[in-house]
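Here is the file final-v2.cif (mmCIF, C-alpha atoms).
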```cif
data_query
loop_
_atom_site.group_PDB
_atom_site.id
_atom_site.type_symbol
_atom_site.label_atom_id
_atom_site.label_comp_id
_atom_site.auth_asym_id
_atom_site.auth_seq_id
_atom_site.Cartn_x
_atom_site.Cartn_y
_atom_site.Cartn_z
ATOM 1 C CA MET A 31 106.873 83.168 85.693
ATOM 2 C CA ASN A 32 109.810 81.315 87.263
ATOM 3 C CA LYS A 33 109.530 82.970 90.657
ATOM 4 C CA PRO A 34 107.981 81.087 93.586
ATOM 5 C CA VAL A 35 104.239 81.550 93.962
ATOM 6 C CA ASP A 36 103.508 84.054 96.697
ATOM 7 C CA THR A 37 100.667 82.338 98.509
ATOM 8 C CA ALA A 38 101.158 84.682 101.438
ATOM 9 C CA LEU A 39 99.540 87.591 99.623
ATOM 10 C CA ARG A 40 96.162 88.489 101.046
ATOM 11 C CA LYS A 41 93.379 90.466 99.369
ATOM 12 C CA PRO A 42 93.390 93.148 98.104
ATOM 13 C CA ALA A 43 96.697 91.661 96.799
ATOM 14 C CA LEU A 44 96.870 88.527 94.667
ATOM 15 C CA ASP A 45 99.426 86.272 93.029
ATOM 16 C CA PRO A 46 97.735 85.353 89.718
ATOM 17 C CA ARG A 47 99.260 81.888 89.848
ATOM 18 C CA THR A 48 96.953 81.064 92.756
ATOM 19 C CA VAL A 49 93.928 81.611 90.480
ATOM 20 C CA SER A 50 92.611 78.480 88.745
ATOM 21 C CA PRO A 51 92.528 79.075 85.001
ATOM 22 C CA ARG A 52 89.473 78.682 82.840
ATOM 23 C CA THR A 53 90.520 76.393 79.994
ATOM 24 C CA ASP A 54 87.255 76.018 78.092
ATOM 25 C CA SER A 55 85.540 78.267 75.563
ATOM 26 C CA GLY A 56 81.934 79.340 75.132
ATOM 27 C CA TYR A 57 82.231 79.086 71.336
ATOM 28 C CA PRO A 58 80.432 76.364 69.441
ATOM 29 C CA GLU A 59 82.493 74.152 67.163
ATOM 30 C CA PRO A 60 84.216 74.501 64.755
ATOM 31 C CA PHE A 61 85.386 77.713 66.476
ATOM 32 C CA ARG A 62 86.099 76.366 69.956
ATOM 33 C CA SER A 63 89.010 74.232 68.756
ATOM 34 C CA ARG A 64 90.680 77.246 67.188
ATOM 35 C CA VAL A 65 91.073 79.101 70.502
ATOM 36 C CA LEU A 66 92.350 76.157 72.565
ATOM 37 C CA PRO A 67 94.657 75.455 74.330
ATOM 38 C CA ARG A 68 94.109 78.743 76.129
ATOM 39 C CA GLU A 69 94.175 79.585 79.841
ATOM 40 C CA LYS A 70 92.318 82.576 81.281
ATOM 41 C CA ARG A 71 92.823 83.623 84.885
ATOM 42 C CA ALA A 72 90.079 86.053 85.905
ATOM 43 C CA LEU A 73 92.072 88.404 88.119
ATOM 44 C CA GLY A 74 89.408 91.084 88.373
ATOM 45 C CA ASP A 75 86.739 88.599 89.436
ATOM 46 C CA ALA A 76 89.125 87.073 91.990
ATOM 47 C CA LEU A 77 89.668 90.526 93.482
ATOM 48 C CA GLY A 78 85.976 91.432 93.622
ATOM 49 C CA ILE A 79 86.079 93.938 90.767
ATOM 50 C CA THR A 80 82.716 94.234 89.019
ATOM 51 C CA LYS A 81 82.952 97.259 86.710
ATOM 52 C CA PHE A 82 85.484 95.678 84.329
ATOM 53 C CA GLY A 83 87.157 92.343 83.760
ATOM 54 C CA VAL A 84 90.907 91.684 83.748
ATOM 55 C CA ASN A 85 92.081 88.297 82.520
ATOM 56 C CA LEU A 86 95.645 87.000 82.520
ATOM 57 C CA THR A 87 95.598 84.850 79.414
ATOM 58 C CA THR A 88 98.095 82.312 78.083
ATOM 59 C CA LEU A 89 97.661 81.452 74.416
ATOM 60 C CA ALA A 90 99.355 78.324 73.069
ATOM 61 C CA PRO A 91 101.301 78.316 69.790
ATOM 62 C CA GLY A 92 98.813 78.136 66.950
ATOM 63 C CA ALA A 93 95.842 79.240 69.023
ATOM 64 C CA GLU A 94 93.628 82.283 68.394
ATOM 65 C CA SER A 95 92.448 84.581 71.203
ATOM 66 C CA SER A 96 88.949 84.642 69.747
ATOM 67 C CA MET A 97 87.301 84.674 66.393
ATOM 68 C CA ARG A 98 87.800 88.059 64.722
ATOM 69 C CA HIS A 99 85.042 90.277 66.163
ATOM 70 C CA TRP A 100 83.938 93.724 67.276
ATOM 71 C CA HIS A 101 81.617 94.809 70.076
ATOM 72 C CA THR A 102 78.694 97.216 69.995
ATOM 73 C CA HIS A 103 78.898 98.347 73.659
ATOM 74 C CA GLU A 104 82.005 96.890 75.254
ATOM 75 C CA GLU A 105 85.609 98.013 74.964
ATOM 76 C CA GLU A 106 88.792 95.972 75.233
ATOM 77 C CA LEU A 107 92.496 96.603 75.752
ATOM 78 C CA VAL A 108 95.249 93.987 75.628
ATOM 79 C CA TYR A 109 98.803 94.358 76.946
ATOM 80 C CA VAL A 110 101.362 91.701 76.009
ATOM 81 C CA LEU A 111 103.480 90.422 78.904
ATOM 82 C CA GLU A 112 105.470 87.527 77.416
ATOM 83 C CA GLY A 113 106.076 86.185 73.935
ATOM 84 C CA GLU A 114 104.324 87.695 70.945
ATOM 85 C CA VAL A 115 101.046 87.570 69.062
ATOM 86 C CA MET A 116 99.842 88.790 65.702
ATOM 87 C CA LEU A 117 96.984 91.295 65.833
ATOM 88 C CA ARG A 118 94.661 90.788 62.877
ATOM 89 C CA THR A 119 92.230 93.525 61.766
ATOM 90 C CA ASP A 120 90.785 94.757 58.462
ATOM 91 C CA ALA A 121 94.199 96.332 57.726
ATOM 92 C CA GLY A 122 96.058 93.034 58.029
ATOM 93 C CA GLU A 123 98.421 91.798 60.704
ATOM 94 C CA GLN A 124 100.742 93.563 63.142
ATOM 95 C CA ARG A 125 103.181 91.912 65.526
ATOM 96 C CA LEU A 126 102.628 92.691 69.219
ATOM 97 C CA VAL A 127 105.672 91.845 71.309
ATOM 98 C CA ALA A 128 105.937 91.995 75.089
ATOM 99 C CA GLY A 129 105.467 95.581 76.256
ATOM 100 C CA THR A 130 103.127 96.626 73.451
ATOM 101 C CA CYS A 131 99.344 96.881 73.550
ATOM 102 C CA ALA A 132 96.202 97.353 71.493
ATOM 103 C CA GLY A 133 92.783 98.809 72.225
ATOM 104 C CA PHE A 134 89.356 98.389 70.724
ATOM 105 C CA PRO A 135 86.810 101.157 71.297
ATOM 106 C CA LEU A 136 83.177 100.149 71.074
ATOM 107 C CA GLY A 137 81.380 100.214 67.755
ATOM 108 C CA THR A 138 84.446 100.492 65.509
ATOM 109 C CA ARG A 139 83.139 97.780 63.137
ATOM 110 C CA ASP A 140 86.736 96.625 62.551
ATOM 111 C CA GLY A 141 86.995 93.070 63.802
ATOM 112 C CA HIS A 142 90.086 92.055 65.765
ATOM 113 C CA GLN A 143 91.711 88.901 67.052
ATOM 114 C CA LEU A 144 95.135 87.796 68.288
ATOM 115 C CA ILE A 145 96.876 84.778 66.792
ATOM 116 C CA ASN A 146 99.910 83.123 68.316
ATOM 117 C CA ARG A 147 102.003 82.305 65.239
ATOM 118 C CA SER A 148 105.159 81.808 67.340
ATOM 119 C CA SER A 149 106.581 78.598 68.769
ATOM 120 C CA ARG A 150 106.090 79.475 72.442
ATOM 121 C CA PRO A 151 103.177 80.479 74.665
ATOM 122 C CA ALA A 152 102.121 84.118 74.611
ATOM 123 C CA VAL A 153 100.903 85.777 77.822
ATOM 124 C CA TYR A 154 98.831 88.943 77.893
ATOM 125 C CA LEU A 155 96.410 90.908 80.036
ATOM 126 C CA GLU A 156 92.997 91.512 78.504
ATOM 127 C CA ILE A 157 90.828 94.211 80.020
ATOM 128 C CA GLY A 158 87.187 94.598 79.104
ATOM 129 C CA SER A 159 84.289 96.799 80.104
ATOM 130 C CA ARG A 160 80.922 95.188 80.742
ATOM 131 C CA ASP A 161 77.545 96.081 79.268
ATOM 132 C CA ASP A 162 74.505 93.802 79.160
ATOM 133 C CA ALA A 163 73.368 95.508 75.971
ATOM 134 C CA ASP A 164 76.489 94.343 74.159
ATOM 135 C CA ALA A 165 76.384 92.334 70.954
ATOM 136 C CA ALA A 166 79.421 90.959 69.110
ATOM 137 C CA PHE A 167 79.794 90.667 65.354
ATOM 138 C CA TYR A 168 82.168 88.296 63.552
ATOM 139 C CA PRO A 169 82.828 89.536 60.003
ATOM 140 C CA ASP A 170 84.507 86.361 58.737
ATOM 141 C CA ILE A 171 82.170 83.623 59.917
ATOM 142 C CA ASP A 172 78.531 82.671 60.432
ATOM 143 C CA LEU A 173 78.495 83.601 64.128
ATOM 144 C CA GLN A 174 76.897 86.316 66.223
ATOM 145 C CA PHE A 175 76.567 86.878 69.965
ATOM 146 C CA ASN A 176 73.371 88.315 71.493
ATOM 147 C CA HIS A 177 71.308 88.278 68.305
ATOM 148 C CA PRO A 178 67.855 89.771 69.035
ATOM 149 C CA ASP A 179 66.309 86.365 68.294
ATOM 150 C CA ALA A 180 68.878 84.533 70.458
ATOM 151 C CA PRO A 181 69.800 86.781 73.383
ATOM 152 C CA GLY A 182 72.782 85.801 75.499
ATOM 153 C CA VAL A 183 73.978 82.973 73.285
ATOM 154 C CA TYR A 184 76.016 82.373 70.165
ATOM 155 C CA SER A 185 73.853 82.042 67.101
ATOM 156 C CA HIS A 186 74.066 81.818 63.346
ATOM 157 C CA LEU A 187 73.644 85.165 61.570
ATOM 158 C CA ASP A 188 69.965 84.367 61.010
ATOM 159 C CA GLY A 189 69.473 84.040 64.779
ATOM 160 C CA THR A 190 69.337 80.250 64.848
ATOM 161 C CA PRO A 191 71.198 79.098 67.974
ATOM 162 C CA TYR A 192 74.133 76.728 67.569
ATOM 163 C CA MET B 141 112.144 98.198 78.207
ATOM 164 C CA ASN B 142 115.465 97.726 76.388
ATOM 165 C CA LYS B 143 113.925 96.782 73.054
ATOM 166 C CA PRO B 144 113.752 99.312 70.232
ATOM 167 C CA VAL B 145 110.588 101.396 70.164
ATOM 168 C CA ASP B 146 108.186 100.064 67.564
ATOM 169 C CA THR B 147 107.027 103.262 65.931
ATOM 170 C CA ALA B 148 105.646 101.254 63.035
ATOM 171 C CA LEU B 149 102.667 100.055 65.041
ATOM 172 C CA ARG B 150 99.414 101.613 63.923
ATOM 173 C CA LYS B 151 96.167 101.909 65.850
ATOM 174 C CA PRO B 152 94.527 99.819 67.175
ATOM 175 C CA ALA B 153 98.085 98.754 68.186
ATOM 176 C CA LEU B 154 100.414 100.954 70.207
ATOM 177 C CA ASP B 155 103.938 100.934 71.585
ATOM 178 C CA PRO B 156 103.535 102.638 74.984
ATOM 179 C CA ARG B 157 106.934 104.269 74.637
ATOM 180 C CA THR B 158 105.514 106.482 71.882
ATOM 181 C CA VAL B 159 103.054 107.994 74.405
ATOM 182 C CA SER B 160 104.229 111.155 76.151
ATOM 183 C CA PRO B 161 104.068 110.651 79.907
ATOM 184 C CA ARG B 162 102.170 112.879 82.276
ATOM 185 C CA THR B 163 104.681 113.852 84.956
ATOM 186 C CA ASP B 164 102.605 116.207 87.097
ATOM 187 C CA SER B 165 100.036 115.552 89.805
ATOM 188 C CA GLY B 166 96.668 117.077 90.561
ATOM 189 C CA TYR B 167 97.341 116.973 94.298
ATOM 190 C CA PRO B 168 97.916 120.165 96.252
ATOM 191 C CA GLU B 169 101.096 120.408 98.308
ATOM 192 C CA PRO B 170 102.329 118.933 100.594
ATOM 193 C CA PHE B 171 100.987 115.808 98.863
ATOM 194 C CA ARG B 172 102.136 116.475 95.318
ATOM 195 C CA SER B 173 105.807 116.150 96.226
ATOM 196 C CA ARG B 174 105.218 112.728 97.745
ATOM 197 C CA VAL B 175 104.065 111.169 94.453
ATOM 198 C CA LEU B 176 106.779 112.620 92.223
ATOM 199 C CA PRO B 177 108.847 111.686 90.261
ATOM 200 C CA ARG B 178 106.147 109.618 88.617
ATOM 201 C CA GLU B 179 105.360 109.044 84.928
ATOM 202 C CA LYS B 180 101.909 108.040 83.720
ATOM 203 C CA ARG B 181 101.322 107.018 80.125
ATOM 204 C CA ALA B 182 97.593 106.993 79.396
ATOM 205 C CA LEU B 183 97.390 103.980 77.095
ATOM 206 C CA GLY B 184 93.608 103.703 77.133
ATOM 207 C CA ASP B 185 93.140 107.353 76.195
ATOM 208 C CA ALA B 186 95.743 107.020 73.425
ATOM 209 C CA LEU B 187 93.789 104.095 71.992
ATOM 210 C CA GLY B 188 90.400 105.830 72.165
ATOM 211 C CA ILE B 189 89.063 103.775 75.077
ATOM 212 C CA THR B 190 86.478 105.716 77.090
ATOM 213 C CA LYS B 191 84.851 103.195 79.456
ATOM 214 C CA PHE B 192 87.967 102.679 81.589
ATOM 215 C CA GLY B 193 91.455 104.093 81.949
ATOM 216 C CA VAL B 194 94.713 102.142 81.638
ATOM 217 C CA ASN B 195 97.903 103.904 82.669
ATOM 218 C CA LEU B 196 101.426 102.558 82.364
ATOM 219 C CA THR B 197 103.043 104.134 85.393
ATOM 220 C CA THR B 198 106.672 104.379 86.468
ATOM 221 C CA LEU B 199 107.199 105.203 90.131
ATOM 222 C CA ALA B 200 110.615 106.429 91.250
ATOM 223 C CA PRO B 201 112.340 105.069 94.353
ATOM 224 C CA GLY B 202 110.787 106.743 97.386
ATOM 225 C CA ALA B 203 107.676 107.921 95.566
ATOM 226 C CA GLU B 204 104.080 107.027 96.446
ATOM 227 C CA SER B 205 101.467 106.149 93.799
ATOM 228 C CA SER B 206 98.893 108.356 95.532
ATOM 229 C CA MET B 207 97.891 109.319 99.017
ATOM 230 C CA ARG B 208 96.180 106.372 100.715
ATOM 231 C CA HIS B 209 92.558 106.531 99.566
ATOM 232 C CA TRP B 210 89.387 104.680 98.628
ATOM 233 C CA HIS B 211 86.709 105.461 96.051
ATOM 234 C CA THR B 212 82.938 105.542 96.425
ATOM 235 C CA HIS B 213 82.068 104.650 92.805
ATOM 236 C CA GLU B 214 85.241 103.775 90.933
ATOM 237 C CA GLU B 215 87.255 100.558 90.977
ATOM 238 C CA GLU B 216 90.966 100.030 90.409
ATOM 239 C CA LEU B 217 93.305 97.158 89.627
ATOM 240 C CA VAL B 218 97.108 97.340 89.467
ATOM 241 C CA TYR B 219 99.438 94.767 87.902
ATOM 242 C CA VAL B 220 103.175 95.085 88.558
ATOM 243 C CA LEU B 221 105.383 94.749 85.483
ATOM 244 C CA GLU B 222 108.885 95.594 86.725
ATOM 245 C CA GLY B 223 110.497 96.112 90.101
ATOM 246 C CA GLU B 224 108.407 96.041 93.257
ATOM 247 C CA VAL B 225 106.155 98.217 95.377
ATOM 248 C CA MET B 226 104.724 97.984 98.856
ATOM 249 C CA LEU B 227 100.921 97.969 99.008
ATOM 250 C CA ARG B 228 99.726 99.753 102.127
ATOM 251 C CA THR B 229 96.185 99.246 103.487
ATOM 252 C CA ASP B 230 94.538 99.154 106.923
ATOM 253 C CA ALA B 231 96.138 95.713 107.448
ATOM 254 C CA GLY B 232 99.673 97.021 106.924
ATOM 255 C CA GLU B 233 102.060 96.480 104.020
ATOM 256 C CA GLN B 234 102.478 93.698 101.471
ATOM 257 C CA ARG B 235 105.210 93.436 98.863
ATOM 258 C CA LEU B 236 104.003 93.314 95.255
ATOM 259 C CA VAL B 237 106.692 92.021 92.904
ATOM 260 C CA ALA B 238 106.493 91.837 89.123
ATOM 261 C CA GLY B 239 103.722 89.468 88.096
ATOM 262 C CA THR B 240 101.489 90.136 91.100
ATOM 263 C CA CYS B 241 98.456 92.405 91.308
ATOM 264 C CA ALA B 242 95.943 94.040 93.611
ATOM 265 C CA GLY B 243 92.342 95.183 93.186
ATOM 266 C CA PHE B 244 90.171 97.715 94.920
ATOM 267 C CA PRO B 245 86.401 97.291 94.620
ATOM 268 C CA LEU B 246 84.324 100.436 95.090
ATOM 269 C CA GLY B 247 83.176 101.446 98.540
ATOM 270 C CA THR B 248 85.485 99.174 100.540
ATOM 271 C CA ARG B 249 86.446 101.996 102.932
ATOM 272 C CA ASP B 250 89.965 100.504 103.208
ATOM 273 C CA GLY B 251 92.376 103.063 101.848
ATOM 274 C CA HIS B 252 95.219 101.872 99.614
ATOM 275 C CA GLN B 253 98.417 103.237 98.135
ATOM 276 C CA LEU B 254 101.618 101.887 96.611
ATOM 277 C CA ILE B 255 105.016 102.985 97.872
ATOM 278 C CA ASN B 256 108.283 102.303 96.080
ATOM 279 C CA ARG B 257 110.607 101.469 98.960
ATOM 280 C CA SER B 258 113.149 99.851 96.618
ATOM 281 C CA SER B 259 116.209 101.384 94.990
ATOM 282 C CA ARG B 260 114.993 101.142 91.396
ATOM 283 C CA PRO B 261 111.976 102.352 89.428
ATOM 284 C CA ALA B 262 108.802 100.289 89.667
ATOM 285 C CA VAL B 263 106.555 99.919 86.617
ATOM 286 C CA TYR B 264 102.919 98.877 86.785
ATOM 287 C CA LEU B 265 99.658 99.027 84.896
ATOM 288 C CA GLU B 266 96.810 100.762 86.695
ATOM 289 C CA ILE B 267 93.290 100.176 85.425
ATOM 290 C CA GLY B 268 90.359 102.222 86.639
ATOM 291 C CA SER B 269 86.659 102.491 85.919
ATOM 292 C CA ARG B 270 85.123 105.938 85.484
ATOM 293 C CA ASP B 271 82.107 107.415 87.242
ATOM 294 C CA ASP B 272 81.318 111.126 87.504
ATOM 295 C CA ALA B 273 79.590 110.481 90.832
ATOM 296 C CA ASP B 274 82.847 109.275 92.365
ATOM 297 C CA ALA B 275 84.322 110.761 95.513
ATOM 298 C CA ALA B 276 87.643 109.759 97.081
ATOM 299 C CA PHE B 277 88.403 109.646 100.791
ATOM 300 C CA TYR B 278 91.878 109.841 102.321
ATOM 301 C CA PRO B 279 91.846 108.362 105.848
ATOM 302 C CA ASP B 280 95.291 109.618 106.885
ATOM 303 C CA ILE B 281 95.212 113.251 105.815
ATOM 304 C CA ASP B 282 93.060 116.378 105.552
ATOM 305 C CA LEU B 283 92.142 115.796 101.905
ATOM 306 C CA GLN B 284 89.007 114.848 100.004
ATOM 307 C CA PHE B 285 88.091 114.754 96.331
ATOM 308 C CA ASN B 286 84.635 115.797 95.095
ATOM 309 C CA HIS B 287 83.348 117.088 98.432
ATOM 310 C CA PRO B 288 79.712 118.248 98.019
ATOM 311 C CA ASP B 289 80.828 121.810 98.781
ATOM 312 C CA ALA B 290 83.798 121.570 96.400
ATOM 313 C CA PRO B 291 82.806 119.352 93.463
ATOM 314 C CA GLY B 292 85.518 118.217 91.089
ATOM 315 C CA VAL B 293 88.433 119.497 93.114
ATOM 316 C CA TYR B 294 90.604 118.518 96.035
ATOM 317 C CA SER B 295 89.434 120.095 99.261
ATOM 318 C CA HIS B 296 90.032 120.025 102.983
ATOM 319 C CA LEU B 297 87.665 117.720 104.878
ATOM 320 C CA ASP B 298 85.450 120.712 105.697
ATOM 321 C CA GLY B 299 85.011 121.388 101.977
ATOM 322 C CA THR B 300 87.383 124.355 101.801
ATOM 323 C CA PRO B 301 89.299 124.092 98.519
ATOM 324 C CA TYR B 302 93.100 123.948 98.623
#
```
Would you write out, as structure tokens, the structure that this file holds?
Amino acid sequence: MNKPVDTALRKPALDPRTVSPRTDSGYPEPFRSRVLPREKRALGDALGITKFGVNLTTLAPGAESSMRHWHTHEEELVYVLEGEVMLRTDAGEQRLVAGTCAGFPLGTRDGHQLINRSSRPAVYLEIGSRDDADAAFYPDIDLQFNHPDAPGVYSHLDGTPY
Amino acid sequence: MNKPVDTALRKPALDPRTVSPRTDSGYPEPFRSRVLPREKRALGDALGITKFGVNLTTLAPGAESSMRHWHTHEEELVYVLEGEVMLRTDAGEQRLVAGTCAGFPLGTRDGHQLINRSSRPAVYLEIGSRDDADAAFYPDIDLQFNHPDAPGVYSHLDGTPY
């Protein structure tokens, strides 16, 4: 990322560094603090893509990409561009270095998350399909997304919103 | 790509270099020869992803990613990893270097293609949504995909299959 920003590119081309990053998180505490600092640049949205999302994400040392989770209707694929992250699933942890990837088909019931256990920022692309019917389950914590009693928001497992 | 291949990675993780590349093309001649040599590693398929495709593609000097085209129902996004390609659209050509991207919303009617005009291989990720209703139009040549008279195959503009 040490090349000059190419502001001359015009759509349908884009230099990701011209996209303002999202630096917040939709998680309630105490989970929000675990994923920050984190920068997400929504490249797909910036390019007018609607069928899937593509984020260029920078994860600070010590930060987690998300809480460990799986989706009922959406699928995800991550491709590591710089640095390294640990991929945590039911089977334990695997190191993903730049040039490796991981994919999460819908409904696998094996929660996943990335953790930056290194001393430098990790950069990866995260690609995700979109489905309004999706719900996300977090096997380690009292958190659920799109509970029938709390649609569209993060709730406790009993459906009580945070 | 000079690091050792990590064959120890287990799904849901994957080292792309363990995926056998597709080196052919579905195009009829004289178009097939214009896109080869080209290697496509279907990372999404290898990881069991069904809602979208993610290919890691290596395009040789002189080769074209595809004939210039646009889709009626599918969307695409490319992210350049190594080397550089020229993106050609109605507006002309733009240089995409490593770390830049381009996206093609459905139905834009502005055909796109990548051309490797450099002297070394270009490597990029190409992400695409999937829709059986899709048709592709090629503004520069006598080629169409999924013509009503020739569903699922490449045909001449009058529907005659190649």
Mind checking which residues fall within 9 Å of Lys151 of chain B, counting all atoms listed in the file, ignoring those fewer than 3 positions away in the same chain, and posting them as an MDAnalysis selection string?
-> (chainID A and resid 132:133) or (chainID B and resid 154 187)
For the selection you just gave me, I'd like the residues written to a file as a CSV table (one decimal), keeping the file's coordinate frame, keeping C-alpha atoms.
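Produced file again_32.csv, reproduced below:
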```csv
chain,number,residue,atom,x,y,z
A,132,ALA,CA,96.2,97.4,71.5
A,133,GLY,CA,92.8,98.8,72.2
B,154,LEU,CA,100.4,101.0,70.2
B,187,LEU,CA,93.8,104.1,72.0
```
Would you translate the PyMOL selection byres ((chain B) within 7 of (chain A)) into the concrete set of residues it matches in this file, as an MDAnalysis selection string?
-> chainID B and resid 152:156 184 187:189 191 215 240:245 269
Explicit residue set for the PyMOL selection byres ((chain A and resi 87) around 10), as a ChimeraX atom specification | /A:51-53,68-72,84-86,88-90,95,108,110-111,151-156
Around (85.8, 118.0, 103.2) in the file's own coordinates, what residues are found within 9 Å if you use only C-alpha atoms, given back as a PyMOL selection string?
-> chain B and resi 282-290+294-301
Which residue, B:Ser165, B:Ser206, B:Ser160, B:Ser259, has the smallest gap to Arg228 of chain B when you use only C-alpha atoms?
-> B:Ser206
Interatomic distance between atom CA of Ser63 of chain A and atom CA of Met97 of chain A?
-> 10.8 Å
Determine, counting all atoms listed in the file, which protein, DNA and RNA residues have an atom within 7 Å of an atom of Ser258 of chain B; residues of the same chain fewer than 2 positions away are not included. Present the result as a PyMOL selection string.
-> chain B and resi 201+224+256+260
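Here atom CA of Pro169 of chain A is placed at a distance of 7.0 Å from atom CA of Arg98 of chain A.
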Provide the atom CA of Glu123 of chain A to atom CA of Pro67 of chain A distance in Å, to one decimal place.
->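 One can read the atom CA of Glu123 of chain A to atom CA of Pro67 of chain A distance as 21.6 Å.
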Compare B:Trp210, B:Gln253, B:Ala273, B:Tyr167 by their minimum atom-to-atom distance to Val293 of chain B, counting only C-alpha atoms, and give me the closest one.
-> B:Tyr167
What are the centre and edge lengths in Å, to one decimal, of the axis-aligned box around all listed atoms of segment 174-181 of chain A with 3 Å added on each side, as lines of an AutoDock Vina configuration file?
```
center_x = 71.6
center_y = 87.2
center_z = 69.8
size_x = 16.6
size_y = 11.2
size_z = 13.2
```
Do a neighbour search on Thr212 of chain B at 7 Å with all atoms listed in the file, toss out local chain neighbours closer than 5 positions, and write the hits as a PyMOL selection string.
-> chain B and resi 246-247+274-276
Limit the output to C-alpha atoms and give segment 219-240 of chain B as a JSON list (two decimals), in the first residue's frame.
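So the final result, stored in decode-v9.json, reads:
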```
[["chain", "number", "residue", "atom", "x", "y", "z"],
["B", 219, "TYR", "CA", -9.28, -7.04, -7.68],
["B", 220, "VAL", "CA", -5.73, -7.00, -9.06],
["B", 221, "LEU", "CA", -3.16, -8.84, -6.94],
["B", 222, "GLU", "CA", 0.01, -8.81, -9.05],
["B", 223, "GLY", "CA", 1.14, -7.07, -12.20],
["B", 224, "GLU", "CA", -1.26, -4.87, -14.14],
["B", 225, "VAL", "CA", -4.03, -5.05, -16.71],
["B", 226, "MET", "CA", -5.79, -2.54, -18.90],
["B", 227, "LEU", "CA", -9.54, -2.28, -18.32],
["B", 228, "ARG", "CA", -11.33, -1.55, -21.57],
["B", 229, "THR", "CA", -14.89, -0.13, -21.62],
["B", 230, "ASP", "CA", -16.88, 2.24, -23.84],
["B", 231, "ALA", "CA", -14.86, 5.13, -22.34],
["B", 232, "GLY", "CA", -11.52, 3.65, -23.42],
["B", 233, "GLU", "CA", -8.77, 2.07, -21.33],
["B", 234, "GLN", "CA", -7.66, 2.50, -17.73],
["B", 235, "ARG", "CA", -4.64, 0.89, -16.10],
["B", 236, "LEU", "CA", -5.40, -1.33, -13.10],
["B", 237, "VAL", "CA", -2.30, -1.99, -11.01],
["B", 238, "ALA", "CA", -2.05, -4.31, -8.02],
["B", 239, "GLY", "CA", -4.30, -3.07, -5.24],
["B", 240, "THR", "CA", -6.93, -1.53, -7.51]]
```
